[in-house]
Amino acid sequence: MTMPSWREWLFSAKAFLASMMALYIALWFDLPRPYWAMAAVYVVANPLAGATSSKGLYRALGTIIGASAAVIFVPLFVNAPELLSLVVALWTGTLLYISMLDRTPRSYVFMLAGYSLPLIALPTVMTPDAIFDTAVARTEEIIIGITCATVVGLIAFPVSVGTALGARISSWLDDAADWGDEILRGEGAIPVTPAKRQRLASDIAGLDLIISQLAYDAGTRDITRHARELRGRLMMLLPLFSSLADRLHALKSDGTPLRPDLATLLSNVADWLQSKSVSELELARFSAEINRLESATPEPGWKRLILSSAVARLREIIDLWHDCLTLKEQIAQGRQAGRWMPAFRHRQVVGRNRYHDYALLFFSSASVVGVTFLACFIWIQTGWQSGAGFVMMTAVASSFFAAMDRPAPFIFKMLVWSAISLAIAFLYLFAILPALSGYEMLVLAFAPPFLFIGILIPRAQFNMIGMLLAVNTASFVAMQNRFSADFTSFTNEGIAALAGIGLAFVWTNLVRPFGAEIAAQRLVRAGWADLAETAAGLRQGDYEKLSGRMLDRMGQLIPRLASLEDRYISEVDGFVEVRIGLNILVLQSERKRLLDDSYVDAVLVGIADLFQHRLIRNQAVKPKSDLLDRLDKALIFGDAEPGAASRSVLDALVGLRRALFPYAPAPRTPLAGYVARSPQSELQTAAE
C-alpha cells in the first residue's frame, strides 16, 4: 500500500468534517439515532463533488421510498408476522431486481429502497404505533448526513466530475492510439484481437459512470450531450480497429508487402493518432490521399475488394478520431463552445443500449428473497430479542453483492470487517467515551480512526473496506445525546449483526456456488441468438441497438475471461461478432435495392443456420464449407451487379467472409471488373 496522497488526506478530512457536522446537528435536534446521520456521510462521500450530490440524492429518494413502505406495511401486517416477513422479503428482492437493470448510480435508489424497509420496519414490530415517527426520524437523519456531505463537498476544495472525465478520456484515447499504432505499423495487424485490446470495451463502463454524474455538477452540465456523443464514437472505433487489423493482415497474408502509397498513408495516420492534434488541414490531407488511393489502378480480384474495404475502414477511423479529439476539447472547456459538427456522419454510431441477462438477475434477486424470508422465519421461531438486527444485516449483505458472479467472498469480507468495526466500537463504548466530556473531546477522540479510514475510501481496492469500517463503526457505537453503554445489549446486537451476515454468506455459498463461467456462457449464447435472429430478418433496422447491445455484452464478458477454464470462451474475440452483426444489418437493409437478392438471401440463411446450430449444440461449431461457397458465389454475383447498393453489399460480404473464415484462401473463381467507389460517396458501409 502506497503512502496516501494529499488528495486522499483532503477527502478524508472533508468526510470527517461533514460527519461531525451531521452528528452535531442530529444531536442538537435530539433525534433518536443521530449516528445514522454520521454513517450516511460515509455512505455517500465521494472525491468528486457531483458524484457526492448524485449519490446523496439517490440515497434520500431510496430512504423516503423505503420509509413510506414501512409506514404502509407494518400497520397492515403487524399481526401476521409470517405474512409481514413475506412482504419484506418480496419487497427487498423486487427492488433489488429493478436496481440491477440500471447499471448507473441511479440504481442505488431501488437497492436502498429495498433494504430500507427491513431497516426501518423490523425494529418497530413490537411498537407499531411508533412506525411513523421512526420512519420520519430515519429520513431526517439520513437527509442531514447527505446535506452535510454535499455542502462540504461543494464548498471545501471541490473536485469537478469534468476533471475525472477528462482524465479517463485521455487514458482511453492513449490506449486506443497505442492499438491503432500497432495495427497501422503492422505489429498488431492480426485477425484475432488480443484480450488486452478487447478490454477497451469494458473500460467504457467507467466512462459511463462518470457521464451519468455530469448533470449533478454545476460546472459540467452543459457538456453532457458532448460526452454522450464521444462515448458512442469511442465504442464505434473498437470494431473498426479490429476490422482494419483483419484487412491489413489479409493484404499481407500472401507474403507481398503493402502498396507503397498505402504504407505511407498508414504510417502518417499512425503518427497523427499518437500526436492527438486537432487539425482540419490534416483531416483534408488524409481525405485527399485516400481519394487518390481509391482512384489508383485497382488490384486484381479478391485483393481489390480487401483493399477497398481496408481503405473504407481507414477513412471511418480518421473521421471518428477527429470527432473524438474535437469533442474532448469541447469537454475540457467545461461548456458547449458553439455548435459542434461531426466529421463522421454517414452512419449511426454505436448506441447506448444495454444487455441484461434477465433470468440470471431474477435468480440473484430470488435468492435474496429466500434468505431474507429464512432470516425472518428464524427470528419468529426463536423469539430472539435482537432478531430484527439479524434480519436487517442478512438483507443488507445479500443485497449489496447480489449483482456479482460470486457474492460469497465479498460477503465474507463484510463479515470480517464488520467484526473489526464491532471491536473498535467496543473499545470506544467501554474504554474511551466514558472518560470524555463535551462535544469537542468527542471529535478529538473520533478523529484518529475515522481520518485513517477516510483515506481508504478513494482507493478502488480499499473502497469497500473503508466504507464498511466507517459506517459500521459509527452504527455500532450508536452515539446519542445521553451516553449509555450496556454490555449485554451491545453484545446481543453485535452477535445479531454478525450472524445475519454469516447467514447471507452460508446461503450464498449453497445457492450460488457457480462463478463467472455460467454468466460468460450465457453471454456468448445471447450473442449467438442475436446474430441468428438478425440473419433471419427478425431484427431489421436494429443497427444502433444491436451494436450497442453486443459491445455492452462484450464489456461484461471481458472481465470474466481471466478466471475461465473453458478454452473457447477464454479465447473469444467479441469484436468479430459485432462486425458480423453490423454486416448482416447492411445486407438486410441494402438487399431490397438489388436487382437480384437471392445470393444475399442464401448467405443470410446460412449464417442463421450456423448460429442456430451453435445454440442447439451449445458450443462454437465451426462454419461449414457450404457457407464459404455461398459467400464466394455471392461475391461474384454482387461484383457483377451495377449500382451503389452492390458496393455496400460487396463490402459487407467481404467482412462476413473475413470474420467467419479468416484463414480461408482467396476465392477460387476470378471476380469480375469492379468500379471503385467515388471519393465523394457517403454510402453506408459495413462495420468491418
# chains A, B, ... in the order shown; residues from 1 in each chain; ligands from 1
>>> closest_atom_pairs(of="range 211-284 of chain A", to="range 172-182 of chain A", cutoff="7 Å", atoms="only C-alpha atoms", output="CSV")
residue,atom,partner,partner_atom,distance
A:Phe241,CA,A:Gly180,CA,6.7
A:Ala270,CA,A:Asp181,CA,5.0
A:Leu273,CA,A:Ala177,CA,5.5
A:Gln274,CA,A:Ala177,CA,5.8
>>> residues_around(residues="Ile204 in chain A", least_positions_apart="3", cutoff="8 Å", atoms="only C-alpha atoms", output="ChimeraX atom specification")
/A:200-201,207-208,231,235,555
>>> residues_around(residues="Val109 in chain A", least_positions_apart="6", cutoff="9 Å", atoms="only C-alpha atoms", output="JSON, numbers by chain")
{"A": [55, 57, 58, 59, 60, 61, 62, 63, 65, 95, 99]}
>>> write_last_selection(atoms="C-alpha atoms", output="short mmCIF file (atom, residue, chain, number, x, y, z; two decimals), in the first residue's frame")
data_model
loop_
_atom_site.label_atom_id
_atom_site.label_comp_id
_atom_site.auth_asym_id
_atom_site.auth_seq_id
_atom_site.Cartn_x
_atom_site.Cartn_y
_atom_site.Cartn_z
CA LYS A 55 -25.48 9.58 -4.62
CA LEU A 57 -29.99 12.50 -3.91
CA TYR A 58 -30.44 8.82 -4.72
CA ARG A 59 -29.95 7.80 -1.08
CA ALA A 60 -32.53 10.36 0.03
CA LEU A 61 -35.05 9.09 -2.52
CA GLY A 62 -34.37 5.47 -1.61
CA THR A 63 -34.79 6.18 2.09
CA ILE A 65 -39.45 5.17 -0.58
CA LEU A 95 -36.50 -3.56 -5.68
CA SER A 99 -31.81 -1.82 -9.37
#
>>> residues_around(residues="Gln333 in chain A", least_positions_apart="6", cutoff="12 Å", atoms="only C-alpha atoms", output="PyMOL selection string")
chain A and resi 162-163+166+219-223+226+326-327
>>> write_last_selection(atoms="N, CA and C atoms", output="PDB file, in the first residue's frame")
ATOM      1  N   GLY A 162     -15.956  16.796 -14.254  1.00  0.00           N
ATOM      2  CA  GLY A 162     -15.302  17.012 -15.541  1.00  0.00           C
ATOM      3  C   GLY A 162     -13.816  16.720 -15.503  1.00  0.00           C
ATOM      4  N   THR A 163     -13.170  16.980 -14.370  1.00  0.00           N
ATOM      5  CA  THR A 163     -11.741  16.674 -14.234  1.00  0.00           C
ATOM      6  C   THR A 163     -11.495  15.180 -14.355  1.00  0.00           C
ATOM      7  N   GLY A 166     -12.187  14.063 -17.988  1.00  0.00           N
ATOM      8  CA  GLY A 166     -11.090  14.389 -18.892  1.00  0.00           C
ATOM      9  C   GLY A 166      -9.929  13.427 -18.742  1.00  0.00           C
ATOM     10  N   GLY A 219     -20.689  22.747 -12.940  1.00  0.00           N
ATOM     11  CA  GLY A 219     -19.716  23.162 -13.942  1.00  0.00           C
ATOM     12  C   GLY A 219     -19.660  22.293 -15.174  1.00  0.00           C
ATOM     13  N   THR A 220     -20.365  21.175 -15.173  1.00  0.00           N
ATOM     14  CA  THR A 220     -20.254  20.252 -16.303  1.00  0.00           C
ATOM     15  C   THR A 220     -21.599  19.886 -16.941  1.00  0.00           C
ATOM     16  N   ARG A 221     -22.670  20.509 -16.509  1.00  0.00           N
ATOM     17  CA  ARG A 221     -23.981  20.129 -17.044  1.00  0.00           C
ATOM     18  C   ARG A 221     -24.078  20.357 -18.549  1.00  0.00           C
ATOM     19  N   ASP A 222     -23.416  21.415 -19.050  1.00  0.00           N
ATOM     20  CA  ASP A 222     -23.545  21.754 -20.457  1.00  0.00           C
ATOM     21  C   ASP A 222     -22.828  20.785 -21.388  1.00  0.00           C
ATOM     22  N   ILE A 223     -21.942  19.951 -20.850  1.00  0.00           N
ATOM     23  CA  ILE A 223     -21.168  19.072 -21.732  1.00  0.00           C
ATOM     24  C   ILE A 223     -21.716  17.647 -21.757  1.00  0.00           C
ATOM     25  N   HIS A 226     -22.258  16.362 -25.308  1.00  0.00           N
ATOM     26  CA  HIS A 226     -20.978  16.104 -25.977  1.00  0.00           C
ATOM     27  C   HIS A 226     -20.334  14.833 -25.434  1.00  0.00           C
ATOM     28  N   THR A 326     -12.026  16.547 -31.172  1.00  0.00           N
ATOM     29  CA  THR A 326     -12.754  17.818 -31.059  1.00  0.00           C
ATOM     30  C   THR A 326     -13.737  17.787 -29.893  1.00  0.00           C
ATOM     31  N   LEU A 327     -14.370  16.651 -29.683  1.00  0.00           N
ATOM     32  CA  LEU A 327     -15.268  16.532 -28.532  1.00  0.00           C
ATOM     33  C   LEU A 327     -14.503  16.620 -27.220  1.00  0.00           C
TER      34      LEU A 327
END
>>> closest_residue(among="A:Leu283, A:Val152, A:Val278, A:Ile331", to="Leu165 in chain A", atoms="only C-alpha atoms")
A:Ile331
>>> atom_distance(atom1="CA of Arg647 in chain A", atom2="CA of Leu546 in chain A")
22.7 Å
>>> residues_around(residues="Met3 in chain A", least_positions_apart="4", cutoff="12 Å", atoms="only C-alpha atoms", output="ChimeraX atom specification")
/A:7-9,452,455-456,459
>>> write_last_selection(atoms="N, CA and C atoms", output="mmCIF file, in the first residue's frame")
data_model
loop_
_atom_site.group_PDB
_atom_site.id
_atom_site.type_symbol
_atom_site.label_atom_id
_atom_site.label_comp_id
_atom_site.auth_asym_id
_atom_site.auth_seq_id
_atom_site.Cartn_x
_atom_site.Cartn_y
_atom_site.Cartn_z
ATOM 1 N N ARG A 7 -4.477 14.503 -1.890
ATOM 2 C CA ARG A 7 -5.889 14.486 -2.270
ATOM 3 C C ARG A 7 -6.683 13.511 -1.398
ATOM 4 N N GLU A 8 -6.076 12.367 -1.084
ATOM 5 C CA GLU A 8 -6.748 11.394 -0.227
ATOM 6 C C GLU A 8 -6.904 11.919 1.193
ATOM 7 N N TRP A 9 -5.873 12.591 1.696
ATOM 8 C CA TRP A 9 -5.989 13.202 3.024
ATOM 9 C C TRP A 9 -7.057 14.299 3.026
ATOM 10 N N PHE A 452 -8.091 7.971 9.343
ATOM 11 C CA PHE A 452 -7.366 6.875 8.685
ATOM 12 C C PHE A 452 -8.296 6.086 7.766
ATOM 13 N N ILE A 455 -9.053 7.739 4.281
ATOM 14 C CA ILE A 455 -8.108 7.700 3.152
ATOM 15 C C ILE A 455 -8.231 6.401 2.347
ATOM 16 N N LEU A 456 -8.931 5.412 2.898
ATOM 17 C CA LEU A 456 -9.123 4.152 2.168
ATOM 18 C C LEU A 456 -10.223 4.268 1.116
ATOM 19 N N ARG A 459 -9.603 4.921 -2.722
ATOM 20 C CA ARG A 459 -8.846 3.894 -3.433
ATOM 21 C C ARG A 459 -9.772 2.737 -3.802
#
>>> residues_around(residues="Ser646 in chain A", least_positions_apart="2", cutoff="10 Å", atoms="only C-alpha atoms", output="ChimeraX atom specification")
/A:587,590-591,593-595,635,637-644,648-652
>>> write_last_selection(atoms="N, CA and C atoms", output="PDB file, in the first residue's frame")
ATOM      1  N   LEU A 587     -26.552  -6.014 -45.141  1.00  0.00           N
ATOM      2  CA  LEU A 587     -27.168  -6.870 -46.158  1.00  0.00           C
ATOM      3  C   LEU A 587     -28.689  -6.789 -46.100  1.00  0.00           C
ATOM      4  N   GLU A 590     -29.774  -3.293 -47.537  1.00  0.00           N
ATOM      5  CA  GLU A 590     -29.449  -2.984 -48.931  1.00  0.00           C
ATOM      6  C   GLU A 590     -30.004  -3.989 -49.930  1.00  0.00           C
ATOM      7  N   ARG A 591     -30.412  -5.155 -49.479  1.00  0.00           N
ATOM      8  CA  ARG A 591     -30.830  -6.202 -50.422  1.00  0.00           C
ATOM      9  C   ARG A 591     -32.027  -5.796 -51.262  1.00  0.00           C
ATOM     10  N   ARG A 593     -32.570  -3.107 -52.648  1.00  0.00           N
ATOM     11  CA  ARG A 593     -32.167  -2.224 -53.750  1.00  0.00           C
ATOM     12  C   ARG A 593     -31.435  -2.971 -54.859  1.00  0.00           C
ATOM     13  N   LEU A 594     -31.240  -4.277 -54.673  1.00  0.00           N
ATOM     14  CA  LEU A 594     -30.539  -5.079 -55.670  1.00  0.00           C
ATOM     15  C   LEU A 594     -31.522  -5.587 -56.722  1.00  0.00           C
ATOM     16  N   LEU A 595     -30.995  -5.838 -57.921  1.00  0.00           N
ATOM     17  CA  LEU A 595     -31.819  -6.427 -58.968  1.00  0.00           C
ATOM     18  C   LEU A 595     -32.190  -7.864 -58.622  1.00  0.00           C
ATOM     19  N   LEU A 635     -20.185 -13.052 -53.699  1.00  0.00           N
ATOM     20  CA  LEU A 635     -19.203 -12.043 -54.099  1.00  0.00           C
ATOM     21  C   LEU A 635     -19.159 -11.891 -55.618  1.00  0.00           C
ATOM     22  N   PHE A 637     -21.635 -12.650 -57.824  1.00  0.00           N
ATOM     23  CA  PHE A 637     -22.870 -12.022 -58.287  1.00  0.00           C
ATOM     24  C   PHE A 637     -22.919 -10.547 -57.888  1.00  0.00           C
ATOM     25  N   GLY A 638     -22.490 -10.244 -56.690  1.00  0.00           N
ATOM     26  CA  GLY A 638     -22.518  -8.866 -56.233  1.00  0.00           C
ATOM     27  C   GLY A 638     -21.562  -7.987 -57.001  1.00  0.00           C
ATOM     28  N   ASP A 639     -20.420  -8.529 -57.378  1.00  0.00           N
ATOM     29  CA  ASP A 639     -19.430  -7.757 -58.120  1.00  0.00           C
ATOM     30  C   ASP A 639     -19.920  -7.447 -59.530  1.00  0.00           C
ATOM     31  N   ALA A 640     -20.785  -8.329 -60.045  1.00  0.00           N
ATOM     32  CA  ALA A 640     -21.279  -8.134 -61.405  1.00  0.00           C
ATOM     33  C   ALA A 640     -22.493  -7.217 -61.456  1.00  0.00           C
ATOM     34  N   GLU A 641     -23.138  -7.002 -60.317  1.00  0.00           N
ATOM     35  CA  GLU A 641     -24.364  -6.200 -60.316  1.00  0.00           C
ATOM     36  C   GLU A 641     -24.039  -4.719 -60.239  1.00  0.00           C
ATOM     37  N   PRO A 642     -24.681  -3.893 -61.075  1.00  0.00           N
ATOM     38  CA  PRO A 642     -24.415  -2.451 -61.046  1.00  0.00           C
ATOM     39  C   PRO A 642     -25.149  -1.777 -59.882  1.00  0.00           C
ATOM     40  N   GLY A 643     -24.769  -0.540 -59.635  1.00  0.00           N
ATOM     41  CA  GLY A 643     -25.500   0.239 -58.643  1.00  0.00           C
ATOM     42  C   GLY A 643     -24.735   0.434 -57.352  1.00  0.00           C
ATOM     43  N   ALA A 644     -25.163   1.474 -56.618  1.00  0.00           N
ATOM     44  CA  ALA A 644     -24.493   1.812 -55.365  1.00  0.00           C
ATOM     45  C   ALA A 644     -24.711   0.749 -54.307  1.00  0.00           C
ATOM     46  N   SER A 648     -22.053  -1.480 -51.306  1.00  0.00           N
ATOM     47  CA  SER A 648     -22.252  -1.704 -49.868  1.00  0.00           C
ATOM     48  C   SER A 648     -22.381  -3.181 -49.563  1.00  0.00           C
ATOM     49  N   VAL A 649     -23.120  -3.904 -50.416  1.00  0.00           N
ATOM     50  CA  VAL A 649     -23.311  -5.341 -50.220  1.00  0.00           C
ATOM     51  C   VAL A 649     -21.988  -6.072 -50.346  1.00  0.00           C
ATOM     52  N   LEU A 650     -21.167  -5.696 -51.343  1.00  0.00           N
ATOM     53  CA  LEU A 650     -19.850  -6.329 -51.507  1.00  0.00           C
ATOM     54  C   LEU A 650     -18.992  -6.125 -50.267  1.00  0.00           C
ATOM     55  N   ASP A 651     -19.006  -4.909 -49.769  1.00  0.00           N
ATOM     56  CA  ASP A 651     -18.208  -4.611 -48.576  1.00  0.00           C
ATOM     57  C   ASP A 651     -18.649  -5.482 -47.400  1.00  0.00           C
ATOM     58  N   ALA A 652     -19.971  -5.632 -47.250  1.00  0.00           N
ATOM     59  CA  ALA A 652     -20.487  -6.458 -46.155  1.00  0.00           C
ATOM     60  C   ALA A 652     -20.132  -7.928 -46.360  1.00  0.00           C
TER      61      ALA A 652
END
>>> residues_around(residues="Arg199 in chain A", least_positions_apart="3", cutoff="9 Å", atoms="only C-alpha atoms", output="list of chain:residue names")
A:Pro194, A:Ala195, A:Lys196, A:Ser202, A:Asp203, A:Met554, A:Gly555, A:Ile558, A:Pro559
>>> write_last_selection(atoms="C-alpha atoms", output="compact mmCIF listing (two decimals), in the first residue's frame")
# COMPACT_ATOMS: atom_id res chain seq x y z
CA PRO A 194 -5.74 -9.52 -28.22
CA ALA A 195 -7.62 -9.74 -24.92
CA LYS A 196 -5.93 -6.60 -23.60
CA SER A 202 -15.18 -2.88 -20.64
CA ASP A 203 -13.28 0.33 -19.83
CA MET A 554 -18.63 -7.94 -24.61
CA GLY A 555 -17.77 -5.37 -21.95
CA ILE A 558 -14.09 -9.43 -20.81
CA PRO A 559 -13.62 -9.10 -17.01
>>> atom_distance(atom1="CA of Arg630 in chain A", atom2="CA of Leu251 in chain A")
22.2 Å
>>> closest_residue(among="A:Leu360, A:Ile378, A:Ile143, A:Leu154", to="Ala519 in chain A", atoms="only C-alpha atoms")
A:Leu360
>>> closest_residue(among="A:Ala263, A:Leu551, A:Leu503, A:Leu469", to="Gly370 in chain A", atoms="only C-alpha atoms")
A:Leu503
>>> atom_distance(atom1="CA of Leu561 in chain A", atom2="CA of Ala620 in chain A")
16.0 Å
>>> closest_atom_pairs(of="range 61-98 of chain A", to="range 402-415 of chain A", cutoff="10 Å", atoms="only C-alpha atoms", output="JSON lines")
{"residue": "A:Gly93", "atom": "CA", "partner": "A:Ala402", "partner_atom": "CA", "distance": 9.9}
{"residue": "A:Leu96", "atom": "CA", "partner": "A:Ala402", "partner_atom": "CA", "distance": 8.3}
{"residue": "A:Tyr97", "atom": "CA", "partner": "A:Ala403", "partner_atom": "CA", "distance": 9.2}
>>> write_last_selection(atoms="N, CA and C atoms", output="PDB file, in the first residue's frame")
ATOM      1  N   GLY A  93     -36.363  -8.118  -2.565  1.00  0.00           N
ATOM      2  CA  GLY A  93     -35.915  -8.770  -3.791  1.00  0.00           C
ATOM      3  C   GLY A  93     -36.382  -8.073  -5.045  1.00  0.00           C
ATOM      4  N   LEU A  96     -34.463  -4.885  -5.540  1.00  0.00           N
ATOM      5  CA  LEU A  96     -33.109  -5.244  -5.928  1.00  0.00           C
ATOM      6  C   LEU A  96     -33.051  -5.607  -7.412  1.00  0.00           C
ATOM      7  N   TYR A  97     -34.024  -6.368  -7.878  1.00  0.00           N
ATOM      8  CA  TYR A  97     -34.076  -6.748  -9.298  1.00  0.00           C
ATOM      9  C   TYR A  97     -34.144  -5.502 -10.184  1.00  0.00           C
TER      10      TYR A  97
END
>>> closest_residue(among="A:Thr139, A:Ser19, A:Ser287, A:Ser421", to="Ile64 in chain A", atoms="only C-alpha atoms")
A:Thr139
>>> decode(residues="range 263-294 of chain A", atoms="N, CA and C atoms", output="compact mmCIF listing (two decimals), in the first residue's frame")
# COMPACT_ATOMS: atom_id res chain seq x y z
N ALA A 263 1.12 2.10 -47.57
CA ALA A 263 2.01 2.01 -46.41
C ALA A 263 2.36 3.41 -45.89
N THR A 264 2.61 4.34 -46.81
CA THR A 264 2.93 5.72 -46.38
C THR A 264 1.74 6.36 -45.68
N LEU A 265 0.55 6.16 -46.24
CA LEU A 265 -0.65 6.72 -45.62
C LEU A 265 -0.86 6.14 -44.24
N LEU A 266 -0.70 4.83 -44.07
CA LEU A 266 -0.88 4.20 -42.76
C LEU A 266 0.11 4.76 -41.75
N SER A 267 1.35 4.96 -42.17
CA SER A 267 2.36 5.50 -41.26
C SER A 267 2.01 6.92 -40.83
N ASN A 268 1.53 7.73 -41.78
CA ASN A 268 1.15 9.11 -41.45
C ASN A 268 -0.03 9.15 -40.49
N VAL A 269 -0.99 8.27 -40.70
CA VAL A 269 -2.15 8.23 -39.80
C VAL A 269 -1.73 7.77 -38.41
N ALA A 270 -0.80 6.81 -38.34
CA ALA A 270 -0.31 6.35 -37.04
C ALA A 270 0.35 7.49 -36.27
N ASP A 271 1.16 8.30 -36.98
CA ASP A 271 1.79 9.47 -36.33
C ASP A 271 0.73 10.43 -35.81
N TRP A 272 -0.31 10.62 -36.60
CA TRP A 272 -1.38 11.55 -36.21
C TRP A 272 -2.13 11.04 -34.99
N LEU A 273 -2.40 9.74 -34.94
CA LEU A 273 -3.08 9.18 -33.77
C LEU A 273 -2.29 9.43 -32.50
N GLN A 274 -0.97 9.25 -32.58
CA GLN A 274 -0.13 9.43 -31.41
C GLN A 274 -0.01 10.90 -31.01
N SER A 275 -0.05 11.80 -32.00
CA SER A 275 0.10 13.23 -31.69
C SER A 275 -1.14 13.82 -31.06
N LYS A 276 -2.33 13.25 -31.39
CA LYS A 276 -3.62 13.72 -30.88
C LYS A 276 -3.85 15.20 -31.17
N SER A 277 -3.37 15.65 -32.32
CA SER A 277 -3.56 17.04 -32.71
C SER A 277 -4.84 17.19 -33.51
N VAL A 278 -5.58 18.27 -33.25
CA VAL A 278 -6.83 18.54 -33.95
C VAL A 278 -6.53 19.53 -35.06
N SER A 279 -6.69 19.09 -36.31
CA SER A 279 -6.36 19.96 -37.44
C SER A 279 -7.28 19.63 -38.61
N GLU A 280 -8.03 20.64 -39.06
CA GLU A 280 -8.88 20.45 -40.23
C GLU A 280 -8.04 20.22 -41.47
N LEU A 281 -6.87 20.86 -41.52
CA LEU A 281 -5.97 20.67 -42.67
C LEU A 281 -5.48 19.22 -42.73
N GLU A 282 -5.17 18.66 -41.56
CA GLU A 282 -4.72 17.27 -41.52
C GLU A 282 -5.83 16.34 -42.00
N LEU A 283 -7.05 16.63 -41.58
CA LEU A 283 -8.19 15.81 -41.99
C LEU A 283 -8.38 15.90 -43.51
N ALA A 284 -8.28 17.10 -44.05
CA ALA A 284 -8.43 17.27 -45.50
C ALA A 284 -7.31 16.56 -46.26
N ARG A 285 -6.09 16.62 -45.73
CA ARG A 285 -4.95 15.97 -46.40
C ARG A 285 -5.15 14.46 -46.45
N PHE A 286 -5.59 13.88 -45.35
CA PHE A 286 -5.83 12.43 -45.33
C PHE A 286 -6.95 12.06 -46.31
N SER A 287 -7.99 12.88 -46.36
CA SER A 287 -9.10 12.60 -47.27
C SER A 287 -8.63 12.62 -48.72
N ALA A 288 -7.77 13.58 -49.04
CA ALA A 288 -7.24 13.66 -50.41
C ALA A 288 -6.37 12.45 -50.74
N GLU A 289 -5.55 12.02 -49.79
CA GLU A 289 -4.69 10.85 -50.02
C GLU A 289 -5.53 9.58 -50.22
N ILE A 290 -6.61 9.46 -49.43
CA ILE A 290 -7.49 8.30 -49.58
C ILE A 290 -8.19 8.33 -50.94
N ASN A 291 -8.61 9.54 -51.37
CA ASN A 291 -9.25 9.65 -52.68
C ASN A 291 -8.30 9.23 -53.79
N ARG A 292 -7.04 9.65 -53.70
CA ARG A 292 -6.06 9.27 -54.72
C ARG A 292 -5.83 7.75 -54.71
N LEU A 293 -5.80 7.19 -53.51
CA LEU A 293 -5.60 5.75 -53.38
C LEU A 293 -6.76 4.98 -53.99
N GLU A 294 -7.99 5.46 -53.76
CA GLU A 294 -9.16 4.78 -54.30
C GLU A 294 -9.26 4.89 -55.82
